[in-house]
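With compact mmCIF, C-alpha atoms inside, this is target.txt:
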# COMPACT_ATOMS: atom_id res chain seq x y z
CA MET A 1 0.00 0.00 0.00
CA LEU A 2 2.80 2.39 0.95
CA ASP A 3 4.73 1.10 -2.06
CA ALA A 4 1.91 2.24 -4.32
CA ALA A 5 1.75 5.67 -2.62
CA ARG A 6 5.50 6.14 -2.90
CA CYS A 7 5.37 4.99 -6.50
CA VAL A 8 2.69 7.57 -7.38
CA VAL A 9 4.59 10.41 -5.68
CA VAL A 10 7.87 9.48 -7.38
CA ARG A 11 6.13 9.10 -10.73
CA ASP A 12 4.44 12.50 -10.52
CA LEU A 13 7.66 14.19 -9.43
CA LEU A 14 9.50 12.52 -12.31
CA VAL A 15 6.87 13.66 -14.81
CA ALA A 16 7.00 17.17 -13.31
CA TRP A 17 10.79 17.16 -13.62
CA ARG A 18 10.57 16.15 -17.28
CA ARG A 19 8.07 18.98 -17.81
CA ARG A 20 9.88 21.58 -15.73
CA SER A 21 8.43 24.45 -17.73
CA ASP A 22 4.90 23.71 -16.46
CA VAL A 23 6.09 23.95 -12.87
CA ALA A 24 8.08 27.10 -13.56
CA THR A 25 5.01 28.71 -15.19
CA ALA A 26 2.91 28.41 -12.03
CA LEU A 27 5.73 29.70 -9.87
CA LEU A 28 6.47 32.64 -12.17
CA PHE A 29 2.76 33.42 -12.25
CA PHE A 30 2.85 33.76 -8.46
CA VAL A 31 5.89 36.01 -8.56
CA ILE A 32 4.49 38.22 -11.32
CA VAL A 33 0.99 38.63 -9.89
CA ALA A 34 2.44 39.49 -6.47
CA SER A 35 4.85 41.97 -8.08
CA LEU A 36 2.18 43.77 -10.11
CA PHE A 37 0.56 45.30 -7.04
CA PRO A 38 3.53 47.34 -5.80
CA LEU A 39 4.05 48.52 -9.38
CA GLY A 40 0.41 49.50 -9.83
CA ILE A 41 -0.19 51.04 -6.44
CA GLY A 42 3.06 52.90 -6.13
CA ALA A 43 5.71 53.06 -3.46
CA GLU A 44 3.64 53.88 -0.43
CA PRO A 45 5.20 51.64 2.26
CA ASN A 46 2.34 51.82 4.74
CA LEU A 47 -0.27 50.91 2.15
CA LEU A 48 1.90 48.09 0.76
CA ARG A 49 2.51 46.68 4.22
CA ALA A 50 -1.23 46.75 4.87
CA ILE A 51 -2.23 44.88 1.69
CA ALA A 52 0.73 42.47 1.59
CA PRO A 53 -0.84 39.52 3.48
CA GLY A 54 -4.00 39.50 1.38
CA VAL A 55 -2.23 40.00 -1.94
CA ILE A 56 0.41 37.35 -1.36
CA TRP A 57 -2.20 34.84 -0.26
CA VAL A 58 -4.51 35.54 -3.19
CA ALA A 59 -1.58 35.16 -5.58
CA ALA A 60 -0.76 31.83 -3.91
CA LEU A 61 -4.38 30.62 -4.29
CA LEU A 62 -4.46 31.49 -7.98
CA SER A 63 -1.09 29.94 -8.68
CA SER A 64 -2.03 26.71 -6.93
CA MET A 65 -5.26 26.67 -9.00
CA LEU A 66 -3.34 26.96 -12.27
CA SER A 67 -1.88 23.48 -12.14
CA LEU A 68 -5.00 21.83 -10.68
CA SER A 69 -6.75 21.14 -13.97
CA ARG A 70 -3.78 19.01 -15.06
CA LEU A 71 -3.76 17.00 -11.82
CA PHE A 72 -5.95 14.16 -13.09
CA SER A 73 -6.71 15.09 -16.70
CA ALA A 74 -3.36 13.89 -18.09
CA ASP A 75 -3.75 10.55 -16.29
CA HIS A 76 -7.32 10.35 -17.53
CA ALA A 77 -6.31 10.94 -21.14
CA ASP A 78 -3.50 8.38 -21.31
CA GLY A 79 -5.36 5.68 -19.41
CA THR A 80 -3.08 5.54 -16.37
CA LEU A 81 -5.97 6.71 -14.18
CA GLU A 82 -7.89 3.53 -15.04
CA GLN A 83 -4.89 1.51 -13.90
CA MET A 84 -4.88 3.42 -10.60
CA LEU A 85 -8.61 2.75 -10.18
CA LEU A 86 -7.87 -0.93 -10.73
CA GLY A 87 -4.74 -0.90 -8.59
CA ALA A 88 -4.04 -3.12 -5.64
CA ALA A 89 -3.97 -0.19 -3.19
CA PRO A 90 -7.15 1.55 -2.00
CA LEU A 91 -7.96 4.53 -4.21
CA GLY A 92 -7.92 6.90 -1.21
CA VAL A 93 -4.22 6.22 -0.70
CA ILE A 94 -3.49 6.94 -4.36
CA ALA A 95 -5.58 10.13 -4.20
CA ALA A 96 -3.69 11.34 -1.13
CA ALA A 97 -0.39 10.59 -2.87
CA LYS A 98 -1.48 12.56 -5.96
CA ALA A 99 -2.46 15.56 -3.80
CA PHE A 100 0.83 15.33 -1.89
CA ALA A 101 2.84 15.29 -5.12
CA HIS A 102 0.84 18.29 -6.36
CA TRP A 103 1.69 20.15 -3.17
CA LEU A 104 5.41 19.30 -3.43
CA VAL A 105 5.46 20.75 -6.93
CA SER A 106 3.10 23.73 -6.60
CA GLY A 107 2.73 24.57 -2.89
CA LEU A 108 6.11 24.04 -1.31
CA PRO A 109 7.99 26.30 -3.78
CA LEU A 110 5.53 29.12 -2.98
CA ALA A 111 6.29 28.89 0.73
CA LEU A 112 10.00 28.98 0.01
CA ILE A 113 9.87 31.92 -2.38
CA ALA A 114 7.32 34.00 -0.44
CA PRO A 115 9.87 35.83 1.77
CA LEU A 116 11.37 37.19 -1.45
CA ILE A 117 7.99 38.61 -2.42
CA ALA A 118 7.56 40.03 1.08
CA LEU A 119 10.65 42.11 0.44
CA GLN A 120 8.77 44.08 -2.24
CA TYR A 121 6.07 44.90 0.25
CA ASP A 122 8.53 46.10 2.86
CA LEU A 123 7.30 43.56 5.41
CA PRO A 124 9.51 43.45 8.50
CA SER A 125 11.81 40.45 8.43
CA SER A 126 10.29 39.18 11.68
CA LEU A 127 7.18 38.28 9.66
CA TYR A 128 8.98 36.12 7.07
CA GLY A 129 8.77 33.10 9.33
CA VAL A 130 5.02 33.50 9.90
CA LEU A 131 4.44 34.01 6.16
CA ALA A 132 6.37 30.89 5.20
CA LEU A 133 4.77 28.86 8.00
CA SER A 134 1.24 29.95 7.08
CA LEU A 135 1.87 28.98 3.45
CA LEU A 136 3.42 25.67 4.53
CA LEU A 137 0.27 24.84 6.51
CA GLY A 138 -2.22 26.36 4.08
CA THR A 139 -1.06 25.22 0.63
CA PRO A 140 -1.49 21.48 1.36
CA VAL A 141 -5.14 22.25 2.21
CA LEU A 142 -5.43 23.99 -1.17
CA SER A 143 -4.01 20.93 -2.95
CA LEU A 144 -6.35 18.55 -1.12
CA LEU A 145 -9.51 20.63 -1.65
CA GLY A 146 -8.49 21.43 -5.20
CA ALA A 147 -8.01 17.76 -6.00
CA ILE A 148 -11.67 17.14 -5.11
CA GLY A 149 -12.70 19.78 -7.64
CA ALA A 150 -10.25 18.47 -10.24
CA ALA A 151 -11.64 14.95 -9.84
CA LEU A 152 -15.24 16.16 -10.12
CA THR A 153 -14.67 18.21 -13.27
CA LEU A 154 -12.63 15.48 -14.95
CA GLY A 155 -13.50 15.04 -18.59
CA LEU A 156 -16.00 17.91 -18.69
CA ARG A 157 -15.94 20.47 -21.46
CA GLY A 158 -14.84 23.86 -20.09
CA GLY A 159 -13.81 22.08 -16.92
CA GLY A 160 -11.12 24.68 -16.19
CA VAL A 161 -13.52 27.56 -15.54
CA LEU A 162 -15.95 25.33 -13.69
CA LEU A 163 -13.08 24.13 -11.54
CA SER A 164 -12.28 27.70 -10.45
CA LEU A 165 -15.92 28.39 -9.63
CA LEU A 166 -16.11 25.19 -7.64
CA VAL A 167 -12.84 25.42 -5.77
CA LEU A 168 -12.25 29.13 -5.08
CA PRO A 169 -15.17 29.45 -2.59
CA LEU A 170 -13.76 26.45 -0.72
CA TYR A 171 -10.43 28.25 -0.50
CA VAL A 172 -11.94 31.24 1.35
CA PRO A 173 -11.43 29.94 4.93
CA VAL A 174 -7.80 29.15 4.16
CA LEU A 175 -7.33 32.64 2.71
CA ILE A 176 -8.88 34.30 5.77
CA MET A 177 -6.79 32.33 8.24
CA GLY A 178 -3.59 32.56 6.20
CA ALA A 179 -3.76 36.31 5.66
CA GLY A 180 -5.14 36.78 9.18
CA SER A 181 -2.14 35.11 10.79
CA LEU A 182 0.15 37.64 9.11
CA GLU A 183 -2.01 40.60 10.08
CA MET A 184 -2.13 39.50 13.69
CA ALA A 185 1.61 38.94 13.76
CA ALA A 186 2.18 42.37 12.19
CA ALA A 187 -0.01 43.94 14.87
CA GLY A 188 2.23 42.33 17.46
CA MET A 189 -0.37 39.91 18.77
CA GLY A 190 1.22 36.78 17.33
CA GLY A 191 -0.45 34.72 14.66
CA GLN A 192 -0.49 31.46 16.60
CA GLY A 193 -4.27 31.28 16.80
CA GLN A 194 -4.73 31.45 13.05
CA LEU A 195 -1.78 29.15 12.41
CA LEU A 196 -3.25 26.55 14.75
CA LEU A 197 -6.57 26.83 12.93
CA LEU A 198 -4.77 26.36 9.61
CA GLY A 199 -3.13 23.28 11.08
CA ALA A 200 -6.52 21.99 12.18
CA MET A 201 -7.90 22.55 8.66
CA LEU A 202 -4.96 20.61 7.27
CA VAL A 203 -5.63 17.68 9.60
CA VAL A 204 -9.33 17.59 8.71
CA ALA A 205 -8.64 17.94 4.97
CA ALA A 206 -5.97 15.23 5.05
CA ALA A 207 -8.38 12.89 6.82
CA PHE A 208 -11.45 13.40 4.65
CA ALA A 209 -10.38 14.78 1.26
CA PRO A 210 -8.84 11.49 0.00
CA TRP A 211 -12.22 9.75 0.37
CA ALA A 212 -14.00 12.57 -1.41
CA ILE A 213 -11.39 12.57 -4.18
CA SER A 214 -11.65 8.84 -4.74
CA ALA A 215 -15.45 8.93 -4.78
CA ALA A 216 -15.34 11.78 -7.30
CA LEU A 217 -12.80 9.90 -9.44
CA ARG A 218 -15.01 6.81 -9.54
CA ILE A 219 -17.99 8.87 -10.63
CA SER A 220 -16.24 10.86 -13.31
CA SER A 221 -14.34 7.93 -14.81
CA GLU A 222 -17.51 5.93 -15.50
CA MET B 1 -14.40 -17.93 -12.25
CA LEU B 2 -16.17 -14.97 -13.80
CA GLU B 3 -19.92 -14.83 -14.12
CA ALA B 4 -22.26 -12.10 -15.25
CA THR B 5 -26.03 -12.19 -15.23
CA GLY B 6 -28.62 -9.94 -16.81
CA LEU B 7 -26.31 -7.06 -17.69
CA ASP B 8 -27.96 -3.96 -19.14
CA CYS B 9 -25.92 -1.08 -20.41
CA ALA B 10 -27.08 2.22 -21.89
CA ARG B 11 -24.63 4.93 -22.93
CA GLY B 12 -25.66 8.38 -24.07
CA GLY B 13 -29.35 7.45 -24.02
CA ARG B 14 -28.89 4.45 -26.31
CA MET B 15 -29.34 0.85 -25.19
CA LEU B 16 -26.17 -1.06 -26.03
CA PHE B 17 -27.15 -4.46 -24.72
CA ARG B 18 -29.85 -5.88 -22.52
CA GLY B 19 -29.96 -9.02 -20.39
CA LEU B 20 -26.46 -10.14 -21.34
CA SER B 21 -25.14 -13.12 -19.38
CA LEU B 22 -21.85 -14.91 -19.55
CA SER B 23 -19.83 -17.37 -17.58
CA LEU B 24 -16.14 -17.98 -17.96
CA ARG B 25 -14.04 -20.74 -16.41
CA GLY B 26 -10.26 -21.01 -16.08
CA GLY B 27 -8.60 -22.05 -19.34
CA GLU B 28 -11.25 -20.37 -21.45
CA ARG B 29 -11.01 -17.55 -23.90
CA LEU B 30 -13.94 -15.25 -24.56
CA ARG B 31 -13.99 -13.02 -27.59
CA ILE B 32 -16.35 -10.05 -27.67
CA ALA B 33 -17.12 -9.10 -31.24
CA GLY B 34 -19.16 -6.28 -32.68
CA ALA B 35 -19.09 -3.18 -34.82
CA ASN B 36 -17.70 0.16 -33.62
CA GLY B 37 -19.97 1.61 -30.98
CA SER B 38 -21.67 -1.69 -30.24
CA GLY B 39 -20.54 -1.65 -26.61
CA LYS B 40 -17.45 -3.89 -26.58
CA THR B 41 -15.41 -1.52 -24.46
CA SER B 42 -18.36 -0.77 -22.17
CA LEU B 43 -18.85 -4.48 -21.54
CA LEU B 44 -15.18 -4.91 -20.75
CA ARG B 45 -15.24 -1.93 -18.40
CA ILE B 46 -18.28 -3.42 -16.66
CA LEU B 47 -16.47 -6.74 -16.28
CA CYS B 48 -13.49 -5.09 -14.61
CA GLY B 49 -15.63 -2.88 -12.39
CA LEU B 50 -14.77 0.52 -13.86
CA LEU B 51 -18.34 0.99 -15.03
CA SER B 52 -21.42 -0.12 -13.12
CA PRO B 53 -24.10 -1.79 -15.24
CA ASP B 54 -27.62 -0.32 -15.33
CA ALA B 55 -28.90 -3.72 -14.24
CA GLY B 56 -27.40 -7.10 -13.49
CA GLU B 57 -24.35 -8.19 -11.59
CA VAL B 58 -20.82 -9.43 -12.19
CA ARG B 59 -19.52 -12.10 -9.83
CA TRP B 60 -15.97 -13.31 -9.30
CA ARG B 61 -15.70 -16.78 -7.74
CA GLY B 62 -19.22 -16.36 -6.40
CA SER B 63 -19.02 -12.88 -4.83
CA ALA B 64 -20.17 -9.64 -6.42
CA ILE B 65 -17.24 -7.56 -7.68
CA SER B 66 -18.78 -4.37 -6.29
CA ARG B 67 -18.15 -5.82 -2.84
CA LEU B 68 -14.70 -7.24 -3.56
CA ARG B 69 -13.19 -4.00 -4.99
CA GLU B 70 -9.39 -4.16 -4.51
CA GLU B 71 -9.54 -7.89 -3.79
CA TYR B 72 -10.94 -8.34 -7.31
CA SER B 73 -8.63 -5.76 -8.88
CA LYS B 74 -5.63 -7.78 -7.72
CA GLN B 75 -6.93 -10.78 -9.66
CA LEU B 76 -7.27 -9.03 -12.99
CA LEU B 77 -5.21 -7.35 -15.61
CA TYR B 78 -7.03 -4.76 -17.72
CA LEU B 79 -5.52 -3.18 -20.78
CA GLY B 80 -7.82 -0.49 -22.12
CA HIS B 81 -7.65 1.06 -25.53
CA ALA B 82 -5.67 3.98 -24.15
CA PRO B 83 -2.21 2.47 -23.72
CA ALA B 84 -1.81 3.56 -20.07
CA VAL B 85 1.77 4.69 -20.47
CA LYS B 86 3.01 8.14 -19.49
CA ASP B 87 4.44 10.04 -22.44
CA ASP B 88 7.27 11.59 -20.45
CA LEU B 89 8.64 8.35 -19.02
CA THR B 90 10.69 5.60 -20.67
CA PRO B 91 9.11 2.17 -21.37
CA ALA B 92 11.04 0.63 -18.46
CA GLU B 93 9.91 3.33 -16.01
CA ASN B 94 6.34 2.92 -17.19
CA LEU B 95 6.44 -0.83 -16.79
CA ARG B 96 7.92 -0.65 -13.28
CA ILE B 97 5.24 1.85 -12.23
CA THR B 98 2.27 -0.10 -13.61
CA CYS B 99 3.54 -3.27 -11.96
CA THR B 100 4.00 -1.56 -8.58
CA LEU B 101 0.51 -0.06 -8.80
CA ALA B 102 -0.90 -3.48 -9.62
CA GLY B 103 0.65 -4.74 -6.40
CA MET B 104 3.31 -6.92 -8.00
CA SER B 105 6.86 -6.96 -6.74
CA VAL B 106 9.06 -5.75 -9.56
CA VAL B 107 12.07 -7.81 -10.49
CA GLU B 108 14.47 -5.64 -12.49
CA ASN B 109 15.66 -8.54 -14.62
CA ALA B 110 12.12 -9.57 -15.56
CA VAL B 111 11.30 -6.02 -16.67
CA GLU B 112 14.26 -6.02 -19.06
CA VAL B 113 13.44 -9.48 -20.41
CA SER B 114 9.84 -8.56 -21.01
CA LEU B 115 10.76 -5.33 -22.80
CA GLY B 116 13.28 -7.31 -24.83
CA ARG B 117 10.57 -9.68 -26.05
CA PHE B 118 8.66 -6.68 -27.35
CA GLY B 119 11.76 -5.19 -28.94
CA LEU B 120 12.02 -2.27 -26.54
CA SER B 121 15.08 -3.33 -24.60
CA GLY B 122 17.45 -0.52 -23.65
CA MET B 123 15.09 2.13 -25.01
CA GLU B 124 16.04 5.22 -23.02
CA SER B 125 13.88 7.79 -24.77
CA PRO B 126 10.51 8.84 -23.36
CA VAL B 127 7.48 7.11 -24.81
CA LYS B 128 6.30 10.25 -26.64
CA LYS B 129 9.23 9.83 -29.07
CA LEU B 130 8.08 6.30 -29.98
CA SER B 131 5.64 5.29 -32.70
CA GLN B 132 2.04 4.33 -32.00
CA GLY B 133 2.86 0.64 -32.37
CA GLN B 134 5.86 0.86 -30.06
CA LYS B 135 3.73 2.67 -27.48
CA ARG B 136 1.26 -0.20 -27.69
CA ARG B 137 4.13 -2.68 -27.26
CA ALA B 138 5.29 -0.79 -24.17
CA ALA B 139 1.81 -1.28 -22.69
CA LEU B 140 1.62 -4.95 -23.69
CA ALA B 141 5.03 -5.66 -22.12
CA ARG B 142 2.98 -6.11 -18.93
CA LEU B 143 1.59 -9.41 -20.17
CA PRO B 144 4.70 -11.59 -19.63
CA LEU B 145 4.99 -10.20 -16.07
CA SER B 146 1.34 -10.92 -15.28
CA GLU B 147 1.36 -14.71 -15.63
CA SER B 148 0.21 -15.15 -12.05
CA ILE B 149 -2.86 -12.96 -12.54
CA PRO B 150 -5.79 -15.27 -13.34
CA LEU B 151 -8.00 -12.96 -15.41
CA TRP B 152 -6.86 -10.92 -18.39
CA LEU B 153 -9.23 -8.36 -19.90
CA LEU B 154 -7.78 -6.98 -23.11
CA ASP B 155 -9.39 -4.26 -25.18
CA GLU B 156 -8.29 -4.52 -28.82
CA PRO B 157 -4.92 -6.05 -27.97
CA TYR B 158 -3.95 -6.34 -31.63
CA ALA B 159 -4.61 -2.72 -32.59
CA ALA B 160 -1.62 -0.94 -34.16
CA LEU B 161 0.61 -4.02 -33.92
CA ASP B 162 2.73 -5.50 -36.71
CA ALA B 163 2.68 -9.21 -37.61
CA ALA B 164 5.52 -10.18 -35.27
CA ALA B 165 4.02 -8.42 -32.25
CA THR B 166 0.57 -9.84 -33.04
CA ARG B 167 2.06 -13.33 -33.04
CA LEU B 168 3.82 -12.66 -29.74
CA VAL B 169 0.58 -11.46 -28.10
CA GLU B 170 -1.24 -14.52 -29.45
CA GLU B 171 1.46 -16.76 -27.97
CA LEU B 172 1.19 -15.03 -24.60
CA ILE B 173 -2.59 -15.39 -24.60
CA ASP B 174 -2.33 -19.06 -25.63
CA GLY B 175 0.17 -19.63 -22.84
CA HIS B 176 -2.07 -17.97 -20.29
CA VAL B 177 -5.07 -20.05 -21.31
CA ALA B 178 -2.95 -23.21 -21.22
CA ARG B 179 -1.90 -22.35 -17.65
CA GLY B 180 -5.55 -22.24 -16.66
CA GLY B 181 -6.04 -18.49 -16.81
CA ALA B 182 -9.08 -16.83 -18.36
CA VAL B 183 -8.87 -14.24 -21.12
CA VAL B 184 -11.55 -11.86 -22.35
CA LEU B 185 -10.68 -9.83 -25.40
CA THR B 186 -12.48 -7.54 -27.76
CA THR B 187 -11.72 -7.29 -31.42
CA HIS B 188 -13.62 -6.19 -34.46
CA GLN B 189 -11.65 -8.29 -36.87
CA ASP B 190 -11.85 -12.09 -36.91
CA THR B 191 -8.63 -13.36 -35.45
CA ARG B 192 -7.21 -16.67 -36.43
CA VAL B 193 -7.02 -17.79 -32.83
CA GLY B 194 -9.94 -19.88 -31.75
CA ALA B 195 -12.06 -18.67 -28.88
CA SER B 196 -13.93 -21.02 -26.59
CA GLN B 197 -16.78 -18.51 -26.48
CA VAL B 198 -17.83 -15.63 -28.66
CA ILE B 199 -20.27 -12.88 -27.74
CA ASP B 200 -21.41 -10.95 -30.77
CA LEU B 201 -22.91 -7.64 -29.74
CA ASP B 202 -24.27 -7.03 -33.25
CA ALA B 203 -26.47 -10.09 -33.12
Rendering of file as structure tokens:
Amino acid sequence: MLDAARCVVVRDLLVAWRRRSDVATALLFFVIVASLFPLGIGAEPNLLRAIAPGVIWVAALLSSMLSLSRLFSADHADGTLEQMLLGAAPLGVIAAAKAFAHWLVSGLPLALIAPLIALQYDLPSSLYGVLALSLLLGTPVLSLLGAIGAALTLGLRGGGVLLSLLVLPLYVPVLIMGAGSLEMAAAGMGGQGQLLLLGAMLVVAAAFAPWAISAALRISSE
Amino acid sequence: MLEATGLDCARGGRMLFRGLSLSLRGGERLRIAGANGSGKTSLLRILCGLLSPDAGEVRWRGSAISRLREEYSKQLLYLGHAPAVKDDLTPAENLRITCTLAGMSVVENAVEVSLGRFGLSGMESPVKKLSQGQKRRAALARLPLSESIPLWLLDEPYAALDAAATRLVEELIDGHVARGGAVVLTTHQDTRVGASQVIDLDA
């Protein structure tokens, strides 16, 4: 069972490595969207500091969404998804492994690069840790929830737009807690409360999303 | 081994077949024939549990496959008409991955031997650089490694293959049947190989 999970993660990372440009696109998208705001709004440090948490988190949501539509559709098209459905391991394990691989490729790099973005918004360096930590806790939730949407819209025409409509509302609590943790920390009250809530969301999503993903996959691959 | 009773299947508002029953024992070969769009692939997908029939039931050694799930999946090998190989990986990587997912322990030597039989030994380029027929061969290279799996469900196994590869697949199927395995295959052309049972969906 763990063999199958490891195999799926390694396979997806290998495919991502062979298609590096796709990964780089999502990451560059994040950097560019987050950089547009300081350019558009102008160099007003107080204003930038105030909008930074929200803007960085929204950019992270959108960037994580970009690669979602490919999460299952490539496997669906070449028939490997059918082999996973007929695999020896429970589908939930495979689904969790797919979401984990998606996070490694699209979520983890965001958390690592975010302090660089924070520089443009003149955030104090004491907040870099909170920013990275909130993204580390929040982006896996995005991958797990997004995978449910990706599985549901599999094989639909215009699935990409539908996917955004389906998934973005589900992302709202993560956005509120993620950006909130930074705001609280900036106000000197510490963002622990929000970070703990993000952690709780991650635990709940990790426990239940794989079942939802596998049920959705079974429906949409009929 | 495999039994189906009263299967109904409708796709896109059209009835493909109604009340279809079949029973397959070890050492038997069932050929599903029919024109394009007559429901061959749908029937095969029902038999492996990817598609649920509108009515009827498929049973494996007496228990319904909807209850067995992974227990049943372990007993079958399904090759659909999409080759189930990833374009960005080499044939060997693909074969190792499909075998691991199917719950088999992968012996490195066996992977090479099997690829060699299909003329893909030492092929280091990703599958997307290969021809359609070679891609198909990369998928079929699973067959020699799946001798211990009792039920083979093959959708158009001879599509896009040249004479040599067709012969090789026929040999592998013959060998599997001789070992007491069961094979279900779909084809729209009459193959020379005899089948112990034929279901014609056009009739």
Between A:Leu62, A:Ala89, A:Ala150, A:Ile51, which one has atoms that come closest to Glu183 (chain A), using all atoms listed in the file?
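Between A:Leu62, A:Ala89, A:Ala150, A:Ile51, the residue approaching Glu183 (chain A) most closely is A:Ile51.
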B:Ser131, B:Ser21, B:Ser125, B:Ser114: which is nearest Leu89 (chain B), counting only C-alpha atoms?
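Between B:Ser131, B:Ser21, B:Ser125, B:Ser114, the residue approaching Leu89 (chain B) most closely is B:Ser125.
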If you count only C-alpha atoms, which residues fall within 12 Å of region 24-32 of chain A, apart from same-chain ones fewer than 6 positions away, as a ChimeraX atom specification?
/A:16-18,38-39,55-68,70,102,105-120
Each residue of chain B with at least one atom at most 10 Å from chain A should appear once, together with its nearest atom pair and the corresponding distance in Å (one decimal); atoms considered: only C-alpha atoms; ordering: chain, then increasing residue number; output as a tab-separated table.
residue	atom	partner	partner_atom	distance
B:Ser42	CA	A:Glu222	CA	9.5
B:Arg45	CA	A:Glu222	CA	8.7
B:Ile46	CA	A:Glu222	CA	9.5
B:Cys48	CA	A:Leu86	CA	8.0
B:Gly49	CA	A:Leu86	CA	8.2
B:Leu50	CA	A:Glu222	CA	6.3
B:Leu51	CA	A:Glu222	CA	5.0
B:Ser52	CA	A:Glu222	CA	7.6
B:Arg69	CA	A:Leu86	CA	8.4
B:Glu70	CA	A:Ala88	CA	5.6
B:Glu71	CA	A:Ala88	CA	7.5
B:Tyr72	CA	A:Leu86	CA	8.7
B:Ser73	CA	A:Leu86	CA	5.2
B:Lys74	CA	A:Ala88	CA	5.3
B:Gln75	CA	A:Ala88	CA	9.1
B:Leu76	CA	A:Leu86	CA	8.4
B:Leu77	CA	A:Leu86	CA	8.5
B:Tyr78	CA	A:Gln83	CA	7.6
B:Leu79	CA	A:Gln83	CA	8.4
B:Gly80	CA	A:Gly79	CA	7.2
B:His81	CA	A:Gly79	CA	8.0
B:Ala82	CA	A:Gly79	CA	5.0
B:Pro83	CA	A:Gly79	CA	6.2
B:Ala84	CA	A:Gly79	CA	4.2
B:Val85	CA	A:Thr80	CA	6.4
B:Lys86	CA	A:Asp78	CA	6.8
B:Asp87	CA	A:Asp78	CA	8.2
B:Asp88	CA	A:Val15	CA	6.0
B:Leu89	CA	A:Val15	CA	7.0
B:Glu93	CA	A:Arg11	CA	8.7
B:Asn94	CA	A:Arg11	CA	8.9
B:Arg96	CA	A:Cys7	CA	9.2
B:Ile97	CA	A:Cys7	CA	6.5
B:Thr98	CA	A:Gln83	CA	7.3
B:Cys99	CA	A:Gly87	CA	9.2
B:Thr100	CA	A:Ala4	CA	6.1
B:Leu101	CA	A:Ala4	CA	5.2
B:Ala102	CA	A:Gly87	CA	4.7
B:Gly103	CA	A:Ala88	CA	5.0
B:Met104	CA	A:Ala88	CA	8.6
B:Ser105	CA	A:Asp3	CA	9.6
B:Pro126	CA	A:Arg18	CA	9.5
Taking (-6.0, -17.7, -21.0) in the file's coordinates, which residues come within 6 Å, counting all atoms listed in the file, written as a list in words?
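Nearby residues: Gly27, Glu28, Arg29, Ile173, His176, Val177, Gly181, Ala182 and Val183 of chain B.
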Between B:Leu168, B:Ala33, B:Cys9, B:Leu44, which residue has the minimum interatomic distance to Leu143 (chain B), considering all atoms listed in the file?
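Looking only at the distances to Leu143 (chain B), the closest residue turns out to be B:Leu168.
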Protein and nucleic acid residues near (-19.8, -9.4, -9.5) (cut-off 10 Å, all atoms listed in the file) as a count of residues only
23
Contacts of Leu47 (chain A) at 9 Å or less, counting all atoms listed in the file, minus same-chain residues fewer than 5 places along, as a short mmCIF file (atom, residue, chain, number, x, y, z; two decimals) with C-alpha atoms, in the coordinates of the input?
data_model
loop_
_atom_site.label_atom_id
_atom_site.label_comp_id
_atom_site.auth_asym_id
_atom_site.auth_seq_id
_atom_site.Cartn_x
_atom_site.Cartn_y
_atom_site.Cartn_z
CA ILE A 41 -0.19 51.04 -6.44
CA ALA A 52 0.73 42.47 1.59
CA TYR A 121 6.07 44.90 0.25
#
Separation of CA of Pro53 (chain B) from CA of Asp8 (chain B) in Å:
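So the answer is 5.9 Å.
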Rounded to one decimal, what separation in Å do you get between CA of Leu36 (chain A) and CA of Leu123 (chain A)?
16.3 Å
Point out the residue among B:Gly119, B:Gly6, B:Gly175, B:Pro157 with the least atom-to-atom distance to Leu140 (chain B), counting only C-alpha atoms.
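That would be B:Pro157, the residue with the smallest distance to Leu140 (chain B).
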Mind pulling up the distance from CA of Leu131 (chain A) to CA of Met184 (chain A)?
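Here the two named atoms are 11.4 Å from each other.
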From the list A:Gly160, A:Gly155, A:Gly54, A:Gly40, which residue is nearest Ile176 (chain A) when using all atoms listed in the file?
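Using all atoms listed in the file, the shortest distance to Ile176 (chain A) belongs to A:Gly54.
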I'd like to know which of B:Met123, B:Leu20, B:Val111, B:Val184 is closest to Asp155 (chain B), using all atoms listed in the file.
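Nearest to Asp155 (chain B): B:Val184.
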Find the residues near Pro53 (chain A): any atom within 8 Å, counting all atoms listed in the file, skip ones fewer than 4 places away on the same chain, and give them as a PyMOL selection string.
chain A and resi 49+57+178-180+182-183
